[in-house]
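Have a look at structure_7.cif below; it lists mmCIF, C-alpha atoms.
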```
data_model
#
loop_
_atom_site.label_atom_id
_atom_site.label_comp_id
_atom_site.auth_asym_id
_atom_site.auth_seq_id
_atom_site.Cartn_x
_atom_site.Cartn_y
_atom_site.Cartn_z
CA MET X 25 -6.10 -13.81 16.09
CA SER X 26 -2.40 -13.05 16.21
CA SER X 27 -0.85 -9.76 17.18
CA VAL X 28 0.17 -7.47 14.29
CA ASN X 29 2.96 -4.92 14.50
CA VAL X 30 3.51 -2.41 11.68
CA VAL X 31 7.07 -1.22 11.06
CA ARG X 32 8.97 0.64 8.37
CA LEU X 33 10.34 -1.58 5.61
CA ALA X 34 13.99 -2.38 6.33
CA PRO X 35 16.73 -4.20 4.40
CA HIS X 36 16.16 -7.47 6.29
CA HIS X 37 12.57 -7.55 4.94
CA ARG X 38 13.69 -7.79 1.29
CA GLU X 39 12.91 -11.47 0.65
CA ALA X 40 9.47 -11.34 2.30
CA TRP X 41 8.69 -8.03 0.58
CA GLU X 42 9.64 -9.49 -2.83
CA ARG X 43 7.34 -12.47 -2.24
CA LEU X 44 4.42 -10.27 -1.20
CA TYR X 45 4.93 -7.69 -3.94
CA ALA X 46 5.06 -10.43 -6.58
CA GLY X 47 1.82 -11.78 -5.06
CA TYR X 48 0.26 -8.33 -5.31
CA ALA X 49 1.18 -8.09 -9.01
CA ALA X 50 -0.22 -11.58 -9.64
CA PHE X 51 -3.46 -10.66 -7.84
CA TYR X 52 -3.99 -7.76 -10.24
CA LYS X 53 -2.65 -9.76 -13.21
CA VAL X 54 0.15 -7.24 -13.81
CA THR X 55 3.43 -8.35 -15.35
CA GLN X 56 6.19 -7.54 -12.90
CA THR X 57 9.82 -8.54 -13.32
CA PRO X 58 12.55 -8.86 -10.70
CA GLU X 59 14.10 -5.73 -12.25
CA MET X 60 10.88 -3.80 -11.68
CA ARG X 61 10.74 -4.93 -8.05
CA GLY X 62 14.40 -3.96 -7.72
CA ARG X 63 13.63 -0.45 -8.95
CA VAL X 64 10.76 -0.03 -6.47
CA TRP X 65 12.94 -1.44 -3.67
CA GLY X 66 15.57 1.18 -4.56
CA TRP X 67 12.99 3.94 -4.41
CA ILE X 68 11.82 2.82 -0.99
CA MET X 69 15.34 2.48 0.38
CA ASP X 70 16.31 5.97 -0.91
CA PRO X 71 15.53 8.46 1.89
CA ALA X 72 15.14 11.24 -0.70
CA HIS X 73 12.50 9.40 -2.74
CA GLU X 74 8.82 10.11 -2.04
CA VAL X 75 7.69 6.45 -1.97
CA LYS X 76 7.78 4.92 1.51
CA ALA X 77 6.73 1.50 2.77
CA LEU X 78 5.49 -0.26 5.86
CA VAL X 79 5.17 -3.95 6.58
CA ALA X 80 3.01 -5.79 9.06
CA GLU X 81 4.70 -8.49 11.14
CA ASN X 82 3.30 -11.09 13.51
CA GLU X 83 4.76 -11.82 16.94
CA SER X 84 7.40 -14.06 15.28
CA ARG X 85 8.38 -11.15 12.98
CA ALA X 86 7.08 -12.95 9.89
CA VAL X 87 5.95 -10.38 7.32
CA LEU X 88 2.19 -10.60 6.69
CA GLY X 89 1.53 -7.58 4.49
CA LEU X 90 2.89 -4.46 2.87
CA ALA X 91 1.81 -0.90 2.15
CA HIS X 92 3.47 1.61 -0.19
CA TYR X 93 2.48 5.25 0.14
CA ARG X 94 3.54 8.77 -0.83
CA PRO X 95 2.41 12.38 -0.50
CA PHE X 96 0.43 14.14 -3.20
CA ALA X 97 -0.47 17.79 -3.64
CA ARG X 98 -4.15 18.76 -3.48
CA PRO X 99 -4.26 22.13 -5.26
CA LEU X 100 -8.03 22.62 -4.97
CA SER X 101 -7.84 22.46 -1.17
CA ALA X 102 -4.30 23.90 -0.97
CA SER X 103 -3.25 20.90 1.09
CA VAL X 104 -1.24 17.69 0.93
CA GLY X 105 -2.69 14.21 1.13
CA GLY X 106 -1.27 10.73 1.18
CA PHE X 107 -1.76 8.18 -1.58
CA LEU X 108 -1.78 4.50 -0.65
CA ASP X 109 -0.38 3.03 -3.86
CA ASP X 110 -0.11 -0.64 -2.93
CA LEU X 111 -1.65 -2.69 -0.14
CA PHE X 112 -1.31 -6.46 -0.01
CA VAL X 113 -1.82 -9.06 2.69
CA ASP X 114 -0.51 -12.61 2.45
CA PRO X 115 -3.56 -14.78 1.67
CA ALA X 116 -2.72 -16.98 4.69
CA ALA X 117 -2.99 -13.91 6.98
CA ARG X 118 -6.28 -12.54 5.69
CA GLY X 119 -9.05 -12.15 8.24
CA GLN X 120 -6.57 -11.08 10.94
CA ARG X 121 -7.08 -7.33 10.39
CA VAL X 122 -3.62 -6.93 8.85
CA ALA X 123 -4.98 -4.51 6.23
CA ASP X 124 -6.62 -2.50 9.00
CA ALA X 125 -3.31 -2.23 10.84
CA LEU X 126 -1.46 -1.13 7.70
CA ILE X 127 -4.07 1.47 6.73
CA ASP X 128 -4.18 2.77 10.30
CA ALA X 129 -0.38 3.09 10.32
CA VAL X 130 -0.38 5.01 7.02
CA ALA X 131 -3.11 7.27 8.44
CA GLU X 132 -1.02 7.90 11.55
CA GLU X 133 1.99 8.74 9.35
CA GLY X 134 -0.28 11.15 7.47
CA ARG X 135 -1.45 12.83 10.66
CA GLN X 136 2.18 13.31 11.72
CA ARG X 137 2.96 14.88 8.33
CA GLY X 138 -0.11 17.12 8.35
CA TRP X 139 -1.86 15.36 5.48
CA THR X 140 -5.57 15.98 5.06
CA VAL X 141 -6.58 12.61 3.59
CA ILE X 142 -5.34 9.13 2.73
CA ARG X 143 -6.61 8.07 -0.70
CA TRP X 144 -6.43 4.82 -2.60
CA ILE X 145 -8.05 2.98 -5.47
CA THR X 146 -8.94 -0.67 -5.90
CA ALA X 147 -10.40 -2.87 -8.56
CA ASP X 148 -14.17 -2.98 -8.80
CA ASP X 149 -14.10 -6.77 -8.37
CA ASN X 150 -11.86 -6.74 -5.27
CA TYR X 151 -14.86 -7.57 -3.10
CA ARG X 152 -12.96 -8.80 -0.05
CA GLY X 153 -10.71 -5.75 -0.02
CA ARG X 154 -13.63 -3.42 -0.58
CA GLY X 155 -15.35 -4.89 2.46
CA VAL X 156 -12.37 -3.80 4.55
CA TYR X 157 -12.16 -0.39 2.87
CA ASP X 158 -15.87 0.24 3.38
CA ARG X 159 -15.33 -0.23 7.13
CA LEU X 160 -12.31 2.07 7.31
CA ALA X 161 -12.99 4.86 4.83
CA THR X 162 -15.60 6.60 2.73
CA ARG X 163 -16.08 5.47 -0.85
CA THR X 164 -16.00 8.49 -3.14
CA MET X 165 -17.93 9.27 -6.30
CA TRP X 166 -14.74 9.79 -8.35
CA ILE X 167 -13.94 7.62 -11.36
CA THR X 168 -10.31 7.25 -12.43
CA TYR X 169 -8.89 7.26 -15.96
CA ASP X 170 -5.52 6.24 -17.35
CA ARG X 171 -4.09 7.61 -20.58
CA LYS X 172 -1.13 5.59 -21.82
CA LEU X 173 1.89 7.71 -22.74
CA GLY X 174 4.01 5.37 -24.78
#
```
Before anything else, please render the file you have as structure tokens.
Amino acid sequence: MSSVNVVRLAPHHREAWERLYAGYAAFYKVTQTPEMRGRVWGWIMDPAHEVKALVAENESRAVLGLAHYRPFARPLSASVGGFLDDLFVDPAARGQRVADALIDAVAEEGRQRGWTVIRWITADDNYRGRGVYDRLATRTMWITYDRKLG
């Protein structure tokens, strides 16, 4: 098993990030254009934008995975949590605990910011991912809904 180091996404990661993010969209069968990736990249690179990103690198600094996250208000508990929007590991790097390292790094970022929880969703049929998530977090009883607005 190789060593994994999690770092903030930086401009020199762009090509690897684009490859992984396109792979993430393909995994979930979501149409994603280069323009869409460019917009998300711009959000992440903008210090004032709420979306932040981390990448996992191996000892050769090859990028193995990505995580996008942001704060969210929790009015019922009068607190702030962190939402893990996107998590993707290069298929060639799976089984090396890359997802664990990324989730742990987001959790540490949350602790530093005073967040009370890290929350994420996944597809019901993402069995491999769910195996990881079941080890690292508690599955909730909540069901999500989307209402299209256009």
_Under the rule that all atoms listed in the file are counted, which of X:Asp124, X:Arg61, X:Val113, X:Asp170 is the nearest residue to Val87 of chain X?_
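Closest residue, counting all atoms listed in the file: X:Val113.
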*Could you jot down the atom CA of Leu78 of chain X to atom CA of Arg43 of chain X separation for me, Å, one decimal place?*
14.8 Å
With 10 Å as the cut-off and only C-alpha atoms counted, what is the closest atom pair between each nearby residue of segment 97-149 of chain X and segment 153-163 of chain X? Distances in Å to one decimal, ordered by chain and number, as CSV.
```
residue,atom,partner,partner_atom,distance
X:Leu111,CA,X:Gly153,CA,9.6
X:Phe112,CA,X:Gly153,CA,9.4
X:Val113,CA,X:Gly153,CA,9.9
X:Arg118,CA,X:Gly153,CA,9.9
X:Gly119,CA,X:Val156,CA,9.7
X:Arg121,CA,X:Val156,CA,8.6
X:Ala123,CA,X:Val156,CA,7.6
X:Asp124,CA,X:Val156,CA,7.4
X:Ile127,CA,X:Leu160,CA,8.3
X:Asp128,CA,X:Leu160,CA,8.7
X:Ile142,CA,X:Ala161,CA,9.0
X:Arg143,CA,X:Ala161,CA,9.0
X:Trp144,CA,X:Tyr157,CA,9.5
X:Ile145,CA,X:Arg163,CA,9.6
X:Thr146,CA,X:Arg154,CA,7.6
X:Ala147,CA,X:Arg154,CA,8.6
X:Asp148,CA,X:Arg154,CA,8.2
X:Asp149,CA,X:Arg154,CA,8.5
```
*To verify the selection step, state as a list in words which residues the PyMOL selection byres ((chain X and resi 84) around 12) yields on this input.*
Ser26, Ser27, Val28, Asn29, Ala80, Glu81, Asn82, Glu83, Arg85, Ala86, Val87 and Leu88 of chain X
_Which residue of X:Lys172, X:Ser103, X:Glu42, X:Val30 approaches Arg137 of chain X most closely, using all atoms listed in the file_ =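 The shortest atom-to-atom distance to Arg137 of chain X comes from X:Ser103.
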*Neighbour list for segment 99-101 of chain X as a list in words, cut-off 12 Å, all atoms listed in the file, skip fewer than 4 positions in-chain*: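 After dropping sequence-adjacent residues, the list is Gly105, Trp139, Thr140 and Val141 of chain X.
Straight-line separation from atom CA of Tyr151 of chain X to atom CA of Leu90 of chain X: 19.0 Å.
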_Would you compute the distance between atom CA of Arg32 of chain X and atom CA of Thr55 of chain X? Give it in Å to one decimal._
26.0 Å
*Which one is closest to Asp110 of chain X: X:Arg135, X:Leu44, X:Leu173, X:Glu74? Count all atoms listed in the file.*
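Of X:Arg135, X:Leu44, X:Leu173, X:Glu74, the one nearest Asp110 of chain X, counting all atoms listed in the file, is X:Leu44.
Closest approach to Tyr45 of chain X among X:Ala102, X:Pro71, X:Ala116, X:Val79 is made by X:Val79 (distances from only C-alpha atoms).
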